Amino acid sequence: MTIEEQLRQDGFVLTLSVGVSMKPMLTQQTEQLLIEKLTAEPKENDVVLFRRSTGQYVLHRVIRRTKVHYRIRGDNCCRTEKVHPQQIIGILKGFYKGDKFINCETDKGYKAYVILWRISYPLRFAAHQCLRPIRKAISMLRR
Amino acid sequence: MKLKYKFVVRNVSGQPVAVAVGKDSEKFNGMVKLNPSGEVIFKMLSEADITQEELVSQFAAQFDITEETAKPAVLRFLDQLRKNGLLEETV
């Protein structure tokens, strides 16, 4: 059963984080994520589950809503992608870090993290751009 | 017998739900919705390698019922776990 079918059937899904695109908030196979079926329009800063045209499911943060689509980006990514509303199937309600449940709607620490992470984006983007040629050179030397 | 994978049980709006954790999540990436008695059996199986008889006996003690009453419920649940490939027979 796909995650989309589970959401349709149960209204929620509890699953483990996969990948590094939402670091430092979510790390590979560490947090258990509570994702709920989408019942209302996602807001800015919500973390949503959407399906890419390739069929891949992705959990990233809403940066902005335009008239026709959402601009969405992973916390550990520099690239923002356009996602149509019909591609979005779920919303992250919260996650377990160890035994503590972090509620995305009410947790103050989480909200502070979101503000800090959004504000620091230009700085992180600039650092990423500066380090890119260095990383490229290192990877070429390794070959 | 014991559970094939390492699970953690969370309570989602009153519903116990188990998910595989760590590397085991690559082998089993779904979630297991449990009822209260299923949650008890699931936790017993995840804590130790246990025989069917011990499971029935501990389950009966936990719910303060006779082993005869407990046995069908335990066997039904074990059967479900087996069908879904979640149980490892160790004896």
# chains A, B, ... in the order shown; residues from 1 in each chain; ligands from 1
$ interface_residues --of "chain A" --to "chain B" --cutoff "8 Å" --atoms "only C-alpha atoms" --output "list in words"
Val13, Leu14, Thr15, Leu16, Gln29, Thr30 and Gln32 of chain A
$ write_last_selection --atoms "C-alpha atoms" --output "PDB file, in the first residue's frame"
ATOM      1  CA  VAL A  13       0.318   7.820   8.551  1.00  0.00           C
ATOM      2  CA  LEU A  14       3.172   7.300  10.979  1.00  0.00           C
ATOM      3  CA  THR A  15       6.405   6.772   9.139  1.00  0.00           C
ATOM      4  CA  LEU A  16      10.144   7.153   9.516  1.00  0.00           C
ATOM      5  CA  GLN A  29      15.644   7.114   9.697  1.00  0.00           C
ATOM      6  CA  THR A  30      15.580   8.793  13.092  1.00  0.00           C
ATOM      7  CA  GLN A  32       8.844   9.117  13.374  1.00  0.00           C
TER       8      GLN A  32
END
$ residues_around --residues "segment 45-54 of chain B" --least-positions-apart "4" --cutoff "8 Å" --atoms "only C-alpha atoms" --output "count of residues only"
8
$ residues_around --residues "Gly11 of chain A" --least-positions-apart "3" --cutoff "7 Å" --atoms "only C-alpha atoms" --output "PyMOL selection string"
chain A and resi 7-8+36-37
$ select_by_dssp --residues "segment 9-99 of chain A" --states "strand (DSSP E or B)" --output "NGL selection string"
:A and (12-16 or 32-37 or 47-51 or 57-65 or 70-73 or 81-83 or 88-97)
$ residues_around --residues "segment 124-141 of chain A" --least-positions-apart "4" --cutoff "10 Å" --atoms "only C-alpha atoms" --output "list in words"
Asn76, Cys77, Cys78, Arg79, Trp117, Arg118, Ile119 and Ser120 of chain A
$ write_last_selection --atoms "N, CA and C atoms" --output "PDB file, in the first residue's frame"
ATOM      1  N   ASN A  76      17.214  21.644   4.064  1.00  0.00           N
ATOM      2  CA  ASN A  76      18.638  21.448   3.770  1.00  0.00           C
ATOM      3  C   ASN A  76      18.920  21.641   2.272  1.00  0.00           C
ATOM      4  N   CYS A  77      17.999  22.329   1.590  1.00  0.00           N
ATOM      5  CA  CYS A  77      18.144  22.501   0.144  1.00  0.00           C
ATOM      6  C   CYS A  77      18.250  23.981  -0.206  1.00  0.00           C
ATOM      7  N   CYS A  78      18.825  24.229  -1.371  1.00  0.00           N
ATOM      8  CA  CYS A  78      18.908  25.615  -1.841  1.00  0.00           C
ATOM      9  C   CYS A  78      17.921  25.852  -2.969  1.00  0.00           C
ATOM     10  N   ARG A  79      17.492  24.772  -3.587  1.00  0.00           N
ATOM     11  CA  ARG A  79      16.592  24.886  -4.732  1.00  0.00           C
ATOM     12  C   ARG A  79      15.132  24.876  -4.281  1.00  0.00           C
ATOM     13  N   TRP A 117      15.428  29.455  10.696  1.00  0.00           N
ATOM     14  CA  TRP A 117      15.862  28.786   9.467  1.00  0.00           C
ATOM     15  C   TRP A 117      15.464  29.573   8.231  1.00  0.00           C
ATOM     16  N   ARG A 118      14.284  30.196   8.291  1.00  0.00           N
ATOM     17  CA  ARG A 118      13.826  31.002   7.151  1.00  0.00           C
ATOM     18  C   ARG A 118      14.674  32.274   7.019  1.00  0.00           C
ATOM     19  N   ILE A 119      14.938  32.910   8.165  1.00  0.00           N
ATOM     20  CA  ILE A 119      15.715  34.165   8.150  1.00  0.00           C
ATOM     21  C   ILE A 119      17.139  33.921   7.637  1.00  0.00           C
ATOM     22  N   SER A 120      17.698  32.785   8.041  1.00  0.00           N
ATOM     23  CA  SER A 120      19.111  32.535   7.710  1.00  0.00           C
ATOM     24  C   SER A 120      19.301  31.978   6.298  1.00  0.00           C
TER      25      SER A 120
END
$ atom_distance --atom1 "atom CA of Lys43 of chain A" --atom2 "atom CA of Asn11 of chain B"
26.1 Å
$ atom_distance --atom1 "atom CA of Val9 of chain B" --atom2 "atom CA of Gly55 of chain A"
29.1 Å
$ closest_atom_pairs --of "segment 24-60 of chain A" --to "segment 89-94 of chain A" --cutoff "7 Å" --atoms "only C-alpha atoms" --output "CSV"
residue,atom,partner,partner_atom,distance
A:Leu33,CA,A:Gly94,CA,6.3
A:Leu34,CA,A:Gly94,CA,5.4
A:Ile35,CA,A:Leu92,CA,4.5
A:Glu36,CA,A:Gly90,CA,5.4
A:Lys37,CA,A:Gly90,CA,4.5
A:Leu38,CA,A:Gly90,CA,4.6
A:Val47,CA,A:Leu92,CA,5.4
A:Val48,CA,A:Ile91,CA,4.3
A:Leu49,CA,A:Gly90,CA,4.8
A:Phe50,CA,A:Ile89,CA,5.5
$ residues_around --residues "Tyr113 of chain A" --least-positions-apart "3" --cutoff "12 Å" --atoms "only C-alpha atoms" --output "NGL selection string"
:A and (23-25 or 45 or 75 or 102 or 104 or 107-110 or 116-120)
$ write_last_selection --atoms "all heavy atoms" --output "compact mmCIF listing (two decimals), in the first residue's frame"
# COMPACT_ATOMS: atom_id res chain seq x y z
N LYS A 23 17.18 18.13 6.90
CA LYS A 23 18.13 18.36 8.00
C LYS A 23 18.22 19.86 8.28
O LYS A 23 18.12 20.63 7.36
CB LYS A 23 19.52 17.81 7.61
CG LYS A 23 19.76 16.38 8.05
CD LYS A 23 21.06 15.88 7.53
CE LYS A 23 22.17 16.17 8.55
NZ LYS A 23 23.45 15.56 8.16
N PRO A 24 18.43 20.34 9.45
CA PRO A 24 18.70 19.57 10.68
C PRO A 24 17.44 19.14 11.45
O PRO A 24 17.54 18.47 12.45
CB PRO A 24 19.50 20.57 11.52
CG PRO A 24 18.93 21.89 11.12
CD PRO A 24 18.58 21.77 9.68
N MET A 25 16.27 19.52 10.94
CA MET A 25 15.05 19.17 11.67
C MET A 25 14.82 17.65 11.66
O MET A 25 14.53 17.05 12.69
CB MET A 25 13.85 19.88 11.05
CG MET A 25 12.56 19.66 11.80
SD MET A 25 11.19 20.57 11.06
CE MET A 25 10.40 19.29 10.12
N ASN A 45 5.19 27.95 5.66
CA ASN A 45 5.96 27.28 6.72
C ASN A 45 5.47 25.88 7.09
O ASN A 45 6.12 25.17 7.84
CB ASN A 45 6.07 28.12 8.00
CG ASN A 45 6.91 29.35 7.79
OD1 ASN A 45 7.79 29.36 6.94
ND2 ASN A 45 6.63 30.40 8.55
N ASP A 75 14.52 21.99 4.07
CA ASP A 75 15.32 22.84 4.97
C ASP A 75 16.81 22.75 4.67
O ASP A 75 17.57 23.66 4.99
CB ASP A 75 15.07 22.42 6.43
CG ASP A 75 13.72 22.91 6.93
OD1 ASP A 75 13.00 23.55 6.15
OD2 ASP A 75 13.40 22.66 8.12
N ILE A 102 7.02 16.44 19.00
CA ILE A 102 7.09 17.85 18.63
C ILE A 102 5.86 18.16 17.77
O ILE A 102 5.75 17.66 16.65
CB ILE A 102 8.37 18.18 17.82
CG1 ILE A 102 9.62 17.58 18.45
CG2 ILE A 102 8.48 19.67 17.54
CD1 ILE A 102 10.19 18.29 19.61
N CYS A 104 3.92 20.42 15.44
CA CYS A 104 4.27 21.52 14.53
C CYS A 104 3.35 22.74 14.71
O CYS A 104 3.70 23.83 14.29
CB CYS A 104 4.24 21.07 13.08
SG CYS A 104 5.49 19.85 12.71
N ASP A 107 4.37 23.68 19.25
CA ASP A 107 5.68 23.64 19.92
C ASP A 107 6.47 24.94 19.69
O ASP A 107 6.74 25.31 18.54
CB ASP A 107 6.49 22.44 19.42
CG ASP A 107 7.71 22.19 20.28
OD1 ASP A 107 8.76 22.81 20.01
OD2 ASP A 107 7.60 21.40 21.22
N LYS A 108 6.81 25.62 20.78
CA LYS A 108 7.48 26.92 20.67
C LYS A 108 8.90 26.79 20.10
O LYS A 108 9.35 27.61 19.33
CB LYS A 108 7.53 27.61 22.04
CG LYS A 108 6.17 28.16 22.43
CD LYS A 108 6.22 28.79 23.80
CE LYS A 108 4.82 29.24 24.21
NZ LYS A 108 4.70 29.48 25.64
N GLY A 109 9.60 25.74 20.53
CA GLY A 109 10.96 25.50 20.05
C GLY A 109 10.95 25.29 18.54
O GLY A 109 11.81 25.80 17.82
N TYR A 110 9.96 24.54 18.08
CA TYR A 110 9.84 24.26 16.65
C TYR A 110 9.58 25.56 15.88
O TYR A 110 10.18 25.82 14.85
CB TYR A 110 8.70 23.26 16.40
CG TYR A 110 8.36 23.11 14.93
CD1 TYR A 110 9.15 22.32 14.10
CD2 TYR A 110 7.27 23.77 14.38
CE1 TYR A 110 8.87 22.21 12.74
CE2 TYR A 110 6.98 23.66 13.03
CZ TYR A 110 7.78 22.88 12.22
OH TYR A 110 7.49 22.78 10.88
N LEU A 116 14.07 31.05 12.54
CA LEU A 116 15.53 31.14 12.40
C LEU A 116 16.00 30.58 11.06
O LEU A 116 16.83 31.18 10.38
CB LEU A 116 16.18 30.37 13.56
CG LEU A 116 17.68 30.48 13.67
CD1 LEU A 116 18.06 31.86 14.20
CD2 LEU A 116 18.24 29.42 14.62
N TRP A 117 15.43 29.46 10.70
CA TRP A 117 15.86 28.79 9.47
C TRP A 117 15.46 29.57 8.23
O TRP A 117 16.22 29.66 7.26
CB TRP A 117 15.30 27.35 9.43
CG TRP A 117 16.24 26.44 8.72
CD1 TRP A 117 16.02 25.78 7.54
CD2 TRP A 117 17.55 26.08 9.13
NE1 TRP A 117 17.12 25.05 7.19
CE2 TRP A 117 18.08 25.21 8.14
CE3 TRP A 117 18.36 26.41 10.22
CZ2 TRP A 117 19.37 24.68 8.21
CZ3 TRP A 117 19.64 25.87 10.29
CH2 TRP A 117 20.12 25.03 9.30
N ARG A 118 14.28 30.20 8.29
CA ARG A 118 13.83 31.00 7.15
C ARG A 118 14.67 32.27 7.02
O ARG A 118 15.09 32.65 5.93
CB ARG A 118 12.35 31.37 7.31
CG ARG A 118 11.36 30.21 7.15
CD ARG A 118 11.26 29.70 5.72
NE ARG A 118 10.95 30.75 4.76
CZ ARG A 118 9.73 31.12 4.43
NH1 ARG A 118 8.70 30.50 4.97
NH2 ARG A 118 9.52 32.08 3.55
N ILE A 119 14.94 32.91 8.17
CA ILE A 119 15.71 34.17 8.15
C ILE A 119 17.14 33.92 7.64
O ILE A 119 17.69 34.72 6.91
CB ILE A 119 15.75 34.80 9.57
CG1 ILE A 119 14.38 35.35 9.93
CG2 ILE A 119 16.79 35.90 9.67
CD1 ILE A 119 14.26 35.80 11.38
N SER A 120 17.70 32.79 8.04
CA SER A 120 19.11 32.53 7.71
C SER A 120 19.30 31.98 6.30
O SER A 120 20.43 31.73 5.88
CB SER A 120 19.72 31.56 8.72
OG SER A 120 19.08 30.31 8.63
$ select_by_dssp --residues "segment 2-113 of chain A" --states "alpha helix (DSSP H)" --output "PyMOL selection string"
chain A and resi 3-10+108-113
$ closest_residue --among "B:Leu75, B:Leu34, B:Met44, B:Leu81" --to "Gln62 of chain B" --atoms "only C-alpha atoms"
B:Met44
$ atom_distance --atom1 "atom CA of Pro42 of chain A" --atom2 "atom CA of Ile3 of chain A"
18.6 Å
